[in-house]
Each structure stands twice: as structure tokens, then as C-alpha cells.
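Below is one structure; the comments refer to it alone.
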Amino acid sequence: MKNVVLIFLFLFSVTIQANSRGQLITNIARLSERVGVIVGDSEVSNEELRLVQEDLKNIVDRLRNRGGTTSCLEFTLDIYERTYAGSTALKKAQEACKRITDTSLVKFVFEIYLESYTERFALDKAIDSTEGNNYRGKSEELEFIFTVYKENYTSRFAIDKSLEKIVLLPRNSMDCLEISYRSLSRSYTSKHAMDKAIDSCSNPIR
């Protein structure tokens with residue numbers, strides 16, 4: 001009797017998992033149809049449409065079990081191949097790209113960390129430091145902030161501080177940041193002007 005119960009529970013759990021997966025697939029298919037209907041009437045900016053396009057491409061890559069975009073895979077694989085054997089390097093690169101939401105931003109951070117760390121550690125730290133959607137689409141802002149902070153700090157401290165600040169900004173903040181910094185730098189040191197510019201652009205007037 002006990003064996004029968006165990007078999008029943010096993011079959012029940014498999015059925016539930018299958019139904020859950022089937023429902024997930026159905027939900028995803030429905031969402032994709034809604035995107036096709038909504039996008040034609042959308043009034044969002046071209047920049048926002050480009051970000052949506054990037055998101056959708058990343059989603060398609062994930063559904064195909066790819067590690068990420070080609071540029072991400074090329075970037076990470078080139079580094080991991082110098083440390084690991086072929087198949088291991090590829091697996092590491094694919095796993096890394098699943099965590100990378102903005103390849104150009106990670107590349108920039110990696111180059112800064114490379115001044116202080118070994119190549120592989122610099123890459124791992126760059127990925128750890130930029131994981132999450134709060135960094136995606138903000139590489140231009142990050143580079144601008146870093147350039148200013150570097151005048152006052154070491155490169156490593158400047159990039160860490162820049163990463164802390166960049167999460168406060170909404171996407172597409174570059175115009176606000178440049179204009180605010182240019183104005184504030186007339187009255188404050190470069191570091192304080194940037195701090196105040198970030199504060200201002202983090203809470204823009206509606």
C-alpha cells in the first residue's frame with residue numbers, strides 16, 4: 001500500500017509540474033501576442049522602443065538556451081578561454097552572460113578593474129558589481145560620472161562610487177546629467193557638482 005501511495009504522489013507531482021510548465025508556455029505565448037498588438041499603437045520614445053527590443057532579444061536568447069547576446073558571449077569567452085579548457089570556458093561564458101544585462105557597461109567596468117586585478121577576477125567582479133536591471137542602458141551615464149570622479153579618487157574607488165550612484169538614476173538621464181553638471185560646476189568642485197547633479201536627475205521635476 002505504501003508503495004502505491006508513493007507512486008501516486010510521484011505521478012501527481014509530475015502532472016503538476018507538466019501543467020505548470022504548460023501554463024507558463026501558454027502565458028508567454030499570450031504575452032507575445034499582446035506585444036504584437038500593443039506596439040503598433042505605442043507612444044513611447046524611440047529610445048524606449050530600442051530598450052524593449054533589446055529586452056525581447058535577450059528573452060529570445062534565453063528561450064533558445066543561449067548564454068546571451070553574441071557580443072556578450074564573444075567578450076566573456078575570450079577571457080575564460082585563457083583560464084579554462086574549451087567546454088568549461090564556454091559554459092562559464094554562457095553562465096556569465098545570463099547575469100549580464102548590459103555588455104558595454106560590463107566591458108567598461110571590467111577595463112577599470114583590470115588595472116587592479118587579474119583578468120578573470122576583474123571580469124567576475126565586474127559582473128557581480130553590475131548584476132540587475134538597475135544598470136542596464138546606463139553605460140553612457142556611468143562613463144561620464146566615472147570621468148568626473150576619477151579626478152578626485154583612484155580609478156577603483158571612482159568606479160565603485162560611480163556604480164553606487166548610477167542605480168539612483170532612471171534610464172535616459174544623460175541629457176539631464178550633462179546639463180545639471182555643467183550648471184552646477186560653476187559653483188562647486190567637480191565632485192560636489194556631480195553629486196548634486198545626480199541628486200537632481202534622480203528626482204526630476206515632472
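Residue numbering restarts at 1 for every chain of the C-alpha cells, chains are lettered A, B, ... in their displayed order, and ligands are numbered from 1 as they appear.
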
Residue contacts of segment 91-103 of chain A (7 Å, only C-alpha atoms) excluding same-chain residues fewer than 2 positions away, as a PyMOL selection string: chain A and resi 66-68+72-73+76-77+80+87-89+105-107+127+131-133+136-137

Take the selection from the previous step and output its residues with N, CA and C atoms, as a PDB file, in the first residue's frame.
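Result went into part.pdb, see below:
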```pdb
ATOM      1  N   ARG A  66      20.523  30.072 -25.081  1.00  0.00           N
ATOM      2  CA  ARG A  66      21.797  30.710 -25.366  1.00  0.00           C
ATOM      3  C   ARG A  66      22.243  31.458 -24.125  1.00  0.00           C
ATOM      4  N   GLY A  67      23.549  31.616 -23.992  1.00  0.00           N
ATOM      5  CA  GLY A  67      24.063  32.294 -22.811  1.00  0.00           C
ATOM      6  C   GLY A  67      23.792  33.775 -22.811  1.00  0.00           C
ATOM      7  N   GLY A  68      23.484  34.348 -23.940  1.00  0.00           N
ATOM      8  CA  GLY A  68      23.264  35.782 -24.026  1.00  0.00           C
ATOM      9  C   GLY A  68      23.500  36.231 -25.446  1.00  0.00           C
ATOM     10  N   CYS A  72      28.179  39.552 -26.026  1.00  0.00           N
ATOM     11  CA  CYS A  72      28.467  39.160 -24.645  1.00  0.00           C
ATOM     12  C   CYS A  72      29.247  37.855 -24.625  1.00  0.00           C
ATOM     13  N   LEU A  73      28.798  36.894 -25.405  1.00  0.00           N
ATOM     14  CA  LEU A  73      29.453  35.591 -25.425  1.00  0.00           C
ATOM     15  C   LEU A  73      30.883  35.703 -25.942  1.00  0.00           C
ATOM     16  N   THR A  76      33.042  37.452 -23.055  1.00  0.00           N
ATOM     17  CA  THR A  76      33.353  36.622 -21.889  1.00  0.00           C
ATOM     18  C   THR A  76      34.147  35.376 -22.261  1.00  0.00           C
ATOM     19  N   LEU A  77      33.817  34.777 -23.401  1.00  0.00           N
ATOM     20  CA  LEU A  77      34.505  33.554 -23.809  1.00  0.00           C
ATOM     21  C   LEU A  77      35.982  33.815 -24.069  1.00  0.00           C
ATOM     22  N   TYR A  80      37.559  33.790 -20.582  1.00  0.00           N
ATOM     23  CA  TYR A  80      37.546  32.499 -19.889  1.00  0.00           C
ATOM     24  C   TYR A  80      38.389  31.444 -20.601  1.00  0.00           C
ATOM     25  N   SER A  87      35.297  23.379 -23.304  1.00  0.00           N
ATOM     26  CA  SER A  87      33.899  23.227 -22.905  1.00  0.00           C
ATOM     27  C   SER A  87      33.605  23.953 -21.595  1.00  0.00           C
ATOM     28  N   THR A  88      34.563  23.939 -20.675  1.00  0.00           N
ATOM     29  CA  THR A  88      34.376  24.632 -19.399  1.00  0.00           C
ATOM     30  C   THR A  88      34.332  26.138 -19.613  1.00  0.00           C
ATOM     31  N   ALA A  89      35.195  26.628 -20.480  1.00  0.00           N
ATOM     32  CA  ALA A  89      35.223  28.066 -20.778  1.00  0.00           C
ATOM     33  C   ALA A  89      33.897  28.514 -21.385  1.00  0.00           C
ATOM     34  N   LEU A 105      28.376  48.108 -20.696  1.00  0.00           N
ATOM     35  CA  LEU A 105      28.622  48.622 -19.350  1.00  0.00           C
ATOM     36  C   LEU A 105      29.587  47.714 -18.597  1.00  0.00           C
ATOM     37  N   VAL A 106      29.372  46.402 -18.699  1.00  0.00           N
ATOM     38  CA  VAL A 106      30.257  45.448 -18.020  1.00  0.00           C
ATOM     39  C   VAL A 106      31.670  45.531 -18.589  1.00  0.00           C
ATOM     40  N   LYS A 107      31.779  45.692 -19.898  1.00  0.00           N
ATOM     41  CA  LYS A 107      33.097  45.835 -20.519  1.00  0.00           C
ATOM     42  C   LYS A 107      33.842  47.035 -19.944  1.00  0.00           C
ATOM     43  N   ILE A 127      30.990  41.618 -13.270  1.00  0.00           N
ATOM     44  CA  ILE A 127      29.656  41.016 -13.386  1.00  0.00           C
ATOM     45  C   ILE A 127      28.914  41.108 -12.059  1.00  0.00           C
ATOM     46  N   GLU A 131      25.226  43.345 -11.655  1.00  0.00           N
ATOM     47  CA  GLU A 131      24.113  42.427 -11.879  1.00  0.00           C
ATOM     48  C   GLU A 131      22.786  43.086 -11.521  1.00  0.00           C
ATOM     49  N   GLY A 132      21.808  42.933 -12.387  1.00  0.00           N
ATOM     50  CA  GLY A 132      20.488  43.508 -12.132  1.00  0.00           C
ATOM     51  C   GLY A 132      20.121  44.558 -13.163  1.00  0.00           C
ATOM     52  N   ASN A 133      18.840  44.805 -13.296  1.00  0.00           N
ATOM     53  CA  ASN A 133      18.345  45.728 -14.317  1.00  0.00           C
ATOM     54  C   ASN A 133      18.563  47.195 -13.981  1.00  0.00           C
ATOM     55  N   ARG A 136      21.205  48.413 -16.524  1.00  0.00           N
ATOM     56  CA  ARG A 136      21.029  48.260 -17.971  1.00  0.00           C
ATOM     57  C   ARG A 136      20.699  49.589 -18.645  1.00  0.00           C
ATOM     58  N   GLY A 137      21.378  49.839 -19.764  1.00  0.00           N
ATOM     59  CA  GLY A 137      21.109  51.040 -20.543  1.00  0.00           C
ATOM     60  C   GLY A 137      21.690  52.316 -19.968  1.00  0.00           C
TER      61      GLY A 137
END
```

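All residues of protein, DNA or RNA that reach within 12 Å of Ser183 of chain A, judged by only C-alpha atoms and not counting those fewer than 4 positions away in the chain, are Cys176, Leu177, Glu178, Ile179, Ser187, Tyr188, Thr189, Ser190, Ala193, Met194, Lys196, Ala197 and Ser200 of chain A.
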
In segment 16-204 of chain A, DSSP helix (DSSP H, G or I) residues written as a PyMOL selection string: chain A and resi 16-41+46-63+70-80+86-99+103-113+119-129+139-149+155-166+174-184+190-202

Å distance separating atom CA of Leu184 of chain A from atom CA of Tyr135 of chain A, one decimal place: 24.7 Å

Among listed residues A:Ile79, A:Ile28, A:Val148, A:Val44, nearest Leu56 of chain A (using only C-alpha atoms): A:Ile28

Neighbour list for Asp199 of chain A as a PyMOL selection string, cut-off 12 Å, only C-alpha atoms, skip fewer than 6 positions in-chain: chain A and resi 165-170+173+176-177+180-181+184+192-193+205

Output the selection as a PDB file, in the first residue's frame - C-alpha atoms for each residue.
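The resulting file, again-v3.pdb, is shown below:
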```pdb
ATOM      1  CA  LYS A 165      25.357  56.385  -7.914  1.00  0.00           C
ATOM      2  CA  ILE A 166      24.195  55.042 -11.263  1.00  0.00           C
ATOM      3  CA  VAL A 167      21.455  52.905  -9.713  1.00  0.00           C
ATOM      4  CA  LEU A 168      19.795  56.094  -8.472  1.00  0.00           C
ATOM      5  CA  LEU A 169      19.305  57.420 -11.983  1.00  0.00           C
ATOM      6  CA  PRO A 170      16.461  56.489 -14.311  1.00  0.00           C
ATOM      7  CA  SER A 173      19.379  60.542 -17.832  1.00  0.00           C
ATOM      8  CA  CYS A 176      19.814  65.849 -17.529  1.00  0.00           C
ATOM      9  CA  LEU A 177      23.165  64.834 -16.085  1.00  0.00           C
ATOM     10  CA  SER A 180      22.893  69.840 -14.490  1.00  0.00           C
ATOM     11  CA  TYR A 181      26.599  69.153 -14.070  1.00  0.00           C
ATOM     12  CA  LEU A 184      26.497  73.208 -11.012  1.00  0.00           C
ATOM     13  CA  HIS A 192      30.285  68.001  -5.487  1.00  0.00           C
ATOM     14  CA  ALA A 193      28.799  69.244  -8.739  1.00  0.00           C
ATOM     15  CA  ILE A 205      10.704  67.666 -11.907  1.00  0.00           C
TER      16      ILE A 205
END
```

Selection: 9 Å around Leu142 of chain A, only C-alpha atoms, excl. self and same-chain fewer than 2 positions, as a list in words: Leu105, Phe108, Tyr135, Lys138, Ser139, Glu140, Phe144, Ile145, Phe146, Thr147, Ile159, Ser162, Leu163, Lys165 and Ile166 of chain A
